[in-house]
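So this block is data_23.cif, mmCIF, C-alpha atoms (C1' of nucleotides):
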data_upload
#
loop_
_atom_site.group_PDB
_atom_site.id
_atom_site.type_symbol
_atom_site.label_atom_id
_atom_site.label_comp_id
_atom_site.auth_asym_id
_atom_site.auth_seq_id
_atom_site.Cartn_x
_atom_site.Cartn_y
_atom_site.Cartn_z
ATOM 1 C CA MET W 1 -6.871 -104.935 96.721
ATOM 2 C CA GLN W 2 -5.303 -108.312 97.381
ATOM 3 C CA THR W 3 -2.647 -110.474 95.862
ATOM 4 C CA PHE W 4 -3.160 -112.291 92.618
ATOM 5 C CA LYS W 5 -3.856 -115.505 94.518
ATOM 6 C CA GLU W 6 -6.587 -113.893 96.623
ATOM 7 C CA LYS W 7 -8.152 -112.312 93.561
ATOM 8 C CA VAL W 8 -8.192 -115.590 91.691
ATOM 9 C CA LEU W 9 -9.864 -117.366 94.599
ATOM 10 C CA GLN W 10 -12.355 -114.527 94.893
ATOM 11 C CA VAL W 11 -13.227 -114.673 91.193
ATOM 12 C CA VAL W 12 -13.625 -118.443 91.237
ATOM 13 C CA SER W 13 -15.815 -118.287 94.332
ATOM 14 C CA LYS W 14 -18.025 -115.773 92.484
ATOM 15 C CA ILE W 15 -18.707 -118.063 89.550
ATOM 16 C CA PRO W 16 -22.508 -118.575 89.275
ATOM 17 C CA LYS W 17 -23.966 -122.083 89.283
ATOM 18 C CA GLY W 18 -24.125 -123.680 85.865
ATOM 19 C CA THR W 19 -21.374 -121.410 84.560
ATOM 20 C CA THR W 20 -17.932 -122.578 83.532
ATOM 21 C CA LEU W 21 -14.985 -120.235 83.102
ATOM 22 C CA THR W 22 -11.647 -120.999 81.513
ATOM 23 C CA TYR W 23 -8.380 -120.526 83.359
ATOM 24 C CA LYS W 24 -7.568 -117.685 81.008
ATOM 25 C CA GLN W 25 -10.859 -115.949 81.777
ATOM 26 C CA VAL W 26 -10.232 -116.271 85.493
ATOM 27 C CA ALA W 27 -6.685 -114.952 85.069
ATOM 28 C CA GLU W 28 -8.020 -112.053 83.043
ATOM 29 C CA LYS W 29 -10.601 -111.172 85.706
ATOM 30 C CA ALA W 30 -7.875 -111.497 88.320
ATOM 31 C CA GLY W 31 -5.867 -108.873 86.474
ATOM 32 C CA SER W 32 -3.335 -110.990 84.543
ATOM 33 C CA PRO W 33 -4.628 -112.605 81.330
ATOM 34 C CA LYS W 34 -1.338 -114.436 80.851
ATOM 35 C CA ALA W 35 -1.288 -115.942 84.311
ATOM 36 C CA CYS W 36 -3.521 -118.811 83.219
ATOM 37 C CA ARG W 37 -0.822 -121.179 84.412
ATOM 38 C CA ALA W 38 -0.428 -119.493 87.743
ATOM 39 C CA VAL W 39 -4.198 -119.713 88.221
ATOM 40 C CA GLY W 40 -4.072 -123.477 87.900
ATOM 41 C CA SER W 41 -1.198 -123.707 90.350
ATOM 42 C CA ILE W 42 -2.909 -121.477 92.895
ATOM 43 C CA ILE W 43 -6.270 -123.221 92.725
ATOM 44 C CA SER W 44 -4.685 -126.662 92.841
ATOM 45 C CA LYS W 45 -2.805 -125.773 96.003
ATOM 46 C CA ASN W 46 -5.654 -123.866 97.562
ATOM 47 C CA TYR W 47 -7.741 -126.798 98.676
ATOM 48 C CA ASP W 48 -10.934 -125.055 99.806
ATOM 49 C CA PRO W 49 -14.619 -126.216 99.656
ATOM 50 C CA LYS W 50 -15.723 -122.595 99.352
ATOM 51 C CA ILE W 51 -13.933 -122.383 96.020
ATOM 52 C CA PRO W 52 -15.925 -124.168 93.249
ATOM 53 C CA CYS W 53 -12.778 -124.842 91.263
ATOM 54 C CA HIS W 54 -14.717 -127.529 89.360
ATOM 55 C CA ARG W 55 -16.328 -124.689 87.371
ATOM 56 C CA VAL W 56 -12.968 -123.759 85.932
ATOM 57 C CA ILE W 57 -12.118 -125.627 82.744
ATOM 58 C CA ARG W 58 -9.612 -125.361 79.915
ATOM 59 C CA SER W 59 -10.021 -123.144 76.860
ATOM 60 C CA ASP W 60 -10.119 -126.226 74.673
ATOM 61 C CA GLY W 61 -13.425 -127.156 76.269
ATOM 62 C CA LYS W 62 -11.789 -130.019 78.122
ATOM 63 C CA ILE W 63 -12.270 -130.516 81.843
ATOM 64 C CA GLY W 64 -8.639 -130.290 82.837
ATOM 65 C CA ASN W 65 -7.581 -131.604 86.219
ATOM 66 C CA TYR W 66 -9.157 -131.512 89.648
ATOM 67 C CA ASN W 67 -8.006 -132.157 93.193
ATOM 68 C CA ARG W 68 -10.899 -134.619 93.715
ATOM 69 C CA GLY W 69 -10.498 -136.348 90.362
ATOM 70 C CA GLN W 70 -11.825 -135.316 86.970
ATOM 71 C CA ASP W 71 -14.694 -137.745 87.363
ATOM 72 C CA LYS W 72 -16.021 -135.771 90.336
ATOM 73 C CA LYS W 73 -15.572 -132.521 88.441
ATOM 74 C CA ILE W 74 -17.468 -133.821 85.422
ATOM 75 C CA LYS W 75 -20.299 -135.074 87.610
ATOM 76 C CA LEU W 76 -20.546 -131.733 89.387
ATOM 77 C CA LEU W 77 -20.672 -129.841 86.095
ATOM 78 C CA LYS W 78 -23.319 -132.198 84.748
ATOM 79 C CA SER W 79 -25.302 -131.847 87.965
ATOM 80 C CA GLU W 80 -25.194 -128.066 87.679
ATOM 81 C CA GLY W 81 -26.156 -128.134 84.030
ATOM 82 C CA ALA W 82 -22.890 -126.653 82.829
ATOM 83 C CA ILE W 83 -22.703 -129.514 80.363
ATOM 84 C "C1'" DT K 1 18.452 -116.317 95.802
ATOM 85 C "C1'" DA K 2 18.021 -119.262 91.961
ATOM 86 C "C1'" DG K 3 16.121 -123.197 89.646
ATOM 87 C "C1'" DT K 4 12.339 -126.374 88.730
ATOM 88 C "C1'" DT K 5 7.436 -127.583 88.426
ATOM 89 C "C1'" DG K 6 2.525 -127.227 87.231
ATOM 90 C "C1'" DA K 7 -5.034 -128.121 87.326
ATOM 91 C "C1'" DC K 8 -2.555 -123.622 80.929
ATOM 92 C "C1'" DC K 9 -2.709 -121.221 76.184
ATOM 93 C "C1'" DG K 10 -1.599 -120.307 71.502
ATOM 94 C "C1'" DG K 11 0.718 -121.097 67.438
ATOM 95 C "C1'" DA K 12 3.368 -124.153 64.275
ATOM 96 C "C1'" DA K 13 4.548 -128.835 62.039
ATOM 97 C "C1'" DA N 1 -7.178 -133.366 63.883
ATOM 98 C "C1'" DT N 2 -3.056 -134.429 66.781
ATOM 99 C "C1'" DT N 3 1.558 -133.461 68.583
ATOM 100 C "C1'" DC N 4 5.447 -130.311 69.733
ATOM 101 C "C1'" DC N 5 7.476 -125.922 71.352
ATOM 102 C "C1'" DG N 6 7.784 -121.516 73.687
ATOM 103 C "C1'" DG N 7 5.886 -118.241 77.026
ATOM 104 C "C1'" DC N 8 3.901 -116.401 81.198
ATOM 105 C "C1'" DC N 9 2.959 -116.399 86.493
ATOM 106 C "C1'" DA N 10 2.976 -118.161 91.214
ATOM 107 C "C1'" DA N 11 4.487 -121.665 94.542
ATOM 108 C "C1'" DC N 12 7.858 -125.172 96.147
ATOM 109 C "C1'" DT N 13 12.560 -127.012 97.057
#
Do you think you could lay out the structure here as structure tokens?
Amino acid sequence: MQTFKEKVLQVVSKIPKGTTLTYKQVAEKAGSPKACRAVGSIISKNYDPKIPCHRVIRSDGKIGNYNRGQDKKIKLLKSEGAI
DNA sequence: TAGTTGACCGGAA
DNA sequence: ATTCCGGCCAACT
């Protein structure tokens, strides 16, 4: 059992290729469905190449933000077939 | 320690 | 459909 931050990173790192999860879904899997905001904060600060944070999008179906730029995120999702 | 901020979400106008 | 407001959680100052 780890902290919420660790759990979130773990969940995100377990996202299969070509699959996109919403921040709320990640928060729910992490144990706090209402921590969707915290998830964004944690991921944004946790700059790690092992964490495919580009597979995490908003519930509205929008891309949201990304530490490398939304353009990179969109390209990655398109490359993986998530689009 | 307390206050503010942020890669969000859902509902209301 | 778009815009505004409140709420929840973690991190930063």
Query raised in the report: For chain W against chain K, which residues fall within 9 Å using only C-alpha atoms (C1' of nucleotides), given as a VMD selection string?
Result: chain W and resid 23 to 24 34 to 44 57 to 59 64 to 67
Given a cut-off of 7 Å, which residues of chain N touch chain W, counting all atoms listed in the file, written out as a PDB file with C-alpha atoms (C1' of nucleotides), keeping the file's coordinate frame?
ATOM      1  C1'  DC N   8       3.901-116.401  81.198  1.00  0.00           C
ATOM      2  C1'  DC N   9       2.959-116.399  86.493  1.00  0.00           C
ATOM      3  C1'  DA N  10       2.976-118.161  91.214  1.00  0.00           C
TER       4       DA N  10
END
Query raised in the report: What is the atom CA of W:Ser13-atom CA of W:Ile51 distance in Å, reported with one decimal?
Result: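 Atom CA of W:Ser13 sits 4.8 Å away from atom CA of W:Ile51.
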Could you write out as AutoDock Vina command-line options the box around stretch 57-70 of chain W (axis-aligned, all atoms listed in the file, 6 Å on each side), with centre and edge lengths in Å to one decimal?
--center_x -10.5 --center_y -129.7 --center_z 84.2 --size_x 17.8 --size_y 25.2 --size_z 31.0
Report task. For atom CA of W:Lys29 and atom C1' of N:DC4, determine how far apart the two atoms are, in Å to one decimal place. Result ->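 Atom-to-atom, atom CA of W:Lys29 and atom C1' of N:DC4 are spaced 29.6 Å apart.
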Compile the contact shell of stretch 17-20 of chain W as a PDB file with C-alpha atoms, in the coordinates of the input: residues with an atom at most 7 Å away, counting all atoms listed in the file, same-chain residues fewer than 3 positions apart removed.
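Done, and the output landed in around.pdb:
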ATOM      1  CA  ARG W  55     -16.328-124.689  87.371  1.00  0.00           C
ATOM      2  CA  VAL W  56     -12.968-123.759  85.932  1.00  0.00           C
ATOM      3  CA  ILE W  57     -12.118-125.627  82.744  1.00  0.00           C
ATOM      4  CA  GLU W  80     -25.194-128.066  87.679  1.00  0.00           C
ATOM      5  CA  GLY W  81     -26.156-128.134  84.030  1.00  0.00           C
ATOM      6  CA  ALA W  82     -22.890-126.653  82.829  1.00  0.00           C
TER       7      ALA W  82
END
Query raised in the report: Between atom CA of W:Gln25 and atom CA of W:Lys73, what is the spacing in Å?
Result: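 For atom CA of W:Lys73 relative to atom CA of W:Gln25, the distance reads 18.5 Å.
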